[in-house]
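Structure first, then comments.
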Amino acid sequence: MRMAHVTIFTKCLEESVRFYEETAGLKIQRDMRGTDHPIVFLAESENSPCVELVENTEAAYHGSGILIGFLVEDAERERKIKEEAGLCPGPMVMPNPHAKFFTVKDPNGVEIQFLQED
C-alpha cells in the first residue's frame, strides 16, 4: 500500500494551485477545473503522491493541526527564497544534528514544512 494523495478543500483554488506549483515545485498531474467539481491534482512526478485541491467554499479547510512536509537539499537557501517571496517563513528548527526545517502556510492555512535531512 502506498499513499495516493492528501486532499485540501479550498475556497481559493487558483491561488492554491499557484502556491503548490511555485512554492513546492509540484506539477499539475490532473486538472478538472471548468467542471461542476473543480479539482486539481499536483505532484512531483506522475507516480508520486499528490496534493489534491478541491474547490469547495463550504468545506474549505480552516484551523490547525495539519502539516505537509517536503524534502529539500538546502533548508537555509529555501527559507531565504520563501522569505523573498513574501511567505513569512517560521524560524529554522533543528530537532537533531541531522535535520533542520522551517514552515510556511499555504493559502488555506495548512502548514507546509521544508525539511533538510543529512
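Residues in the C-alpha cells are named by chain (A, B, ... in the order shown) and by number from 1 within that chain; ligands are numbered from 1 in the order shown.
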Identify, on the basis of only C-alpha atoms, every residue whose closest approach to Gly65 (chain A) does not exceed 10 Å; exclude the query and any residue fewer than 3 positions from it along the same chain; express the result as a list in words.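 Neighbouring residues, sequence-local ones excluded: His62, Val110 and Glu111 of chain A.
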Restricting the output to N, CA and C atoms, write the selected residues as an mmCIF file, in the first residue's frame.
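out-v8.cif was written with the following content:
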```cif
data_model
loop_
_atom_site.group_PDB
_atom_site.id
_atom_site.type_symbol
_atom_site.label_atom_id
_atom_site.label_comp_id
_atom_site.auth_asym_id
_atom_site.auth_seq_id
_atom_site.Cartn_x
_atom_site.Cartn_y
_atom_site.Cartn_z
ATOM 1 N N HIS A 62 -9.953 25.251 7.440
ATOM 2 C CA HIS A 62 -9.538 26.338 8.327
ATOM 3 C C HIS A 62 -9.220 25.694 9.668
ATOM 4 N N VAL A 110 -2.853 25.697 5.778
ATOM 5 C CA VAL A 110 -2.167 24.431 6.032
ATOM 6 C C VAL A 110 -0.683 24.721 6.199
ATOM 7 N N GLU A 111 -0.088 24.156 7.232
ATOM 8 C CA GLU A 111 1.333 24.362 7.484
ATOM 9 C C GLU A 111 2.152 23.475 6.540
#
```
Extract, using only C-alpha atoms, all DNA, RNA and protein residues at most 10 Å from Ala43 (chain A), discarding same-chain residues fewer than 6 positions from it, and format them as JSON, numbers by chain. {"A": [5, 20, 21, 24, 25, 26, 27, 28, 29, 30, 49, 50, 51, 52]}
Apply DSSP to the backbone of this structure and, from chain A, keep only the residues in alpha helix (DSSP H); write these as a ChimeraX atom specification. /A:13-22,75-84
Determine which residues of chain A DSSP labels as strand (DSSP E) from the backbone of this structure, then write them out as JSON, numbers by chain. {"A": [5, 6, 7, 8, 9, 10, 27, 28, 29, 30, 31, 39, 40, 41, 42, 43, 50, 51, 52, 53, 54, 55, 67, 68, 69, 70, 71, 93, 94, 95, 96, 99, 100, 101, 102, 103, 104, 105, 111, 112, 113, 114, 115, 116, 117]}
Using C-alpha atoms, can you export the residues from the last selection as a PDB file, in the first residue's frame?
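Output file again.pdb is given in full below:
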```pdb
ATOM      1  CA  HIS A   5      -2.971  11.864  -2.174  1.00  0.00           C
ATOM      2  CA  VAL A   6      -3.708  14.388   0.546  1.00  0.00           C
ATOM      3  CA  THR A   7      -6.893  16.382  -0.056  1.00  0.00           C
ATOM      4  CA  ILE A   8      -7.282  20.034   0.837  1.00  0.00           C
ATOM      5  CA  PHE A   9     -10.702  21.636   0.419  1.00  0.00           C
ATOM      6  CA  THR A  10     -10.132  25.247  -0.576  1.00  0.00           C
ATOM      7  CA  LYS A  27       3.337  19.949 -11.312  1.00  0.00           C
ATOM      8  CA  ILE A  28      -0.288  19.503 -12.318  1.00  0.00           C
ATOM      9  CA  GLN A  29      -0.981  15.815 -12.880  1.00  0.00           C
ATOM     10  CA  ARG A  30      -4.731  16.020 -13.422  1.00  0.00           C
ATOM     11  CA  ASP A  31      -6.781  19.183 -13.941  1.00  0.00           C
ATOM     12  CA  ILE A  39     -10.263  19.583  -8.621  1.00  0.00           C
ATOM     13  CA  VAL A  40      -6.535  19.754  -9.364  1.00  0.00           C
ATOM     14  CA  PHE A  41      -4.009  17.044  -8.503  1.00  0.00           C
ATOM     15  CA  LEU A  42      -0.376  18.178  -8.157  1.00  0.00           C
ATOM     16  CA  ALA A  43       2.716  16.060  -7.555  1.00  0.00           C
ATOM     17  CA  CYS A  50      -0.433  14.092  -4.894  1.00  0.00           C
ATOM     18  CA  VAL A  51      -1.821  17.126  -3.201  1.00  0.00           C
ATOM     19  CA  GLU A  52      -5.464  17.143  -4.293  1.00  0.00           C
ATOM     20  CA  LEU A  53      -7.017  20.602  -4.215  1.00  0.00           C
ATOM     21  CA  VAL A  54     -10.810  20.635  -4.230  1.00  0.00           C
ATOM     22  CA  GLU A  55     -12.671  23.914  -4.647  1.00  0.00           C
ATOM     23  CA  LEU A  67       1.391  19.723   8.274  1.00  0.00           C
ATOM     24  CA  ILE A  68       2.643  18.565   4.874  1.00  0.00           C
ATOM     25  CA  GLY A  69       6.412  18.080   4.596  1.00  0.00           C
ATOM     26  CA  PHE A  70       8.667  18.421   1.549  1.00  0.00           C
ATOM     27  CA  LEU A  71      12.314  17.347   1.449  1.00  0.00           C
ATOM     28  CA  VAL A  93      14.229  24.394  13.695  1.00  0.00           C
ATOM     29  CA  MET A  94      16.992  21.840  14.277  1.00  0.00           C
ATOM     30  CA  PRO A  95      15.441  18.953  16.241  1.00  0.00           C
ATOM     31  CA  ASN A  96      18.623  16.860  15.951  1.00  0.00           C
ATOM     32  CA  ALA A  99      17.685  17.559  10.369  1.00  0.00           C
ATOM     33  CA  LYS A 100      16.537  21.130  10.058  1.00  0.00           C
ATOM     34  CA  PHE A 101      13.312  22.628   8.801  1.00  0.00           C
ATOM     35  CA  PHE A 102      11.055  25.658   8.640  1.00  0.00           C
ATOM     36  CA  THR A 103       7.409  26.124   7.765  1.00  0.00           C
ATOM     37  CA  VAL A 104       5.154  28.472   5.816  1.00  0.00           C
ATOM     38  CA  LYS A 105       1.366  28.456   5.487  1.00  0.00           C
ATOM     39  CA  GLU A 111       1.333  24.362   7.484  1.00  0.00           C
ATOM     40  CA  ILE A 112       3.938  23.402   4.884  1.00  0.00           C
ATOM     41  CA  GLN A 113       7.320  22.146   6.110  1.00  0.00           C
ATOM     42  CA  PHE A 114      10.569  22.268   4.134  1.00  0.00           C
ATOM     43  CA  LEU A 115      12.906  19.674   5.636  1.00  0.00           C
ATOM     44  CA  GLN A 116      16.597  19.044   5.046  1.00  0.00           C
ATOM     45  CA  GLU A 117      17.932  15.710   6.264  1.00  0.00           C
TER      46      GLU A 117
END
```
Nearest to His37 (chain A) among A:Val72, A:Leu13, A:Glu22, A:Gly63, with distances taken over only C-alpha atoms: which residue is it? A:Leu13
Minimum-distance residue to Asn47 (chain A), chosen among A:Leu87, A:Ala60, A:Ala4, A:Cys12 (using only C-alpha atoms): A:Ala4
Interatomic distance between CA of Glu44 (chain A) and CA of Glu78 (chain A)?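 About the pair CA of Glu44 (chain A) and CA of Glu78 (chain A): they are 16.7 Å apart.
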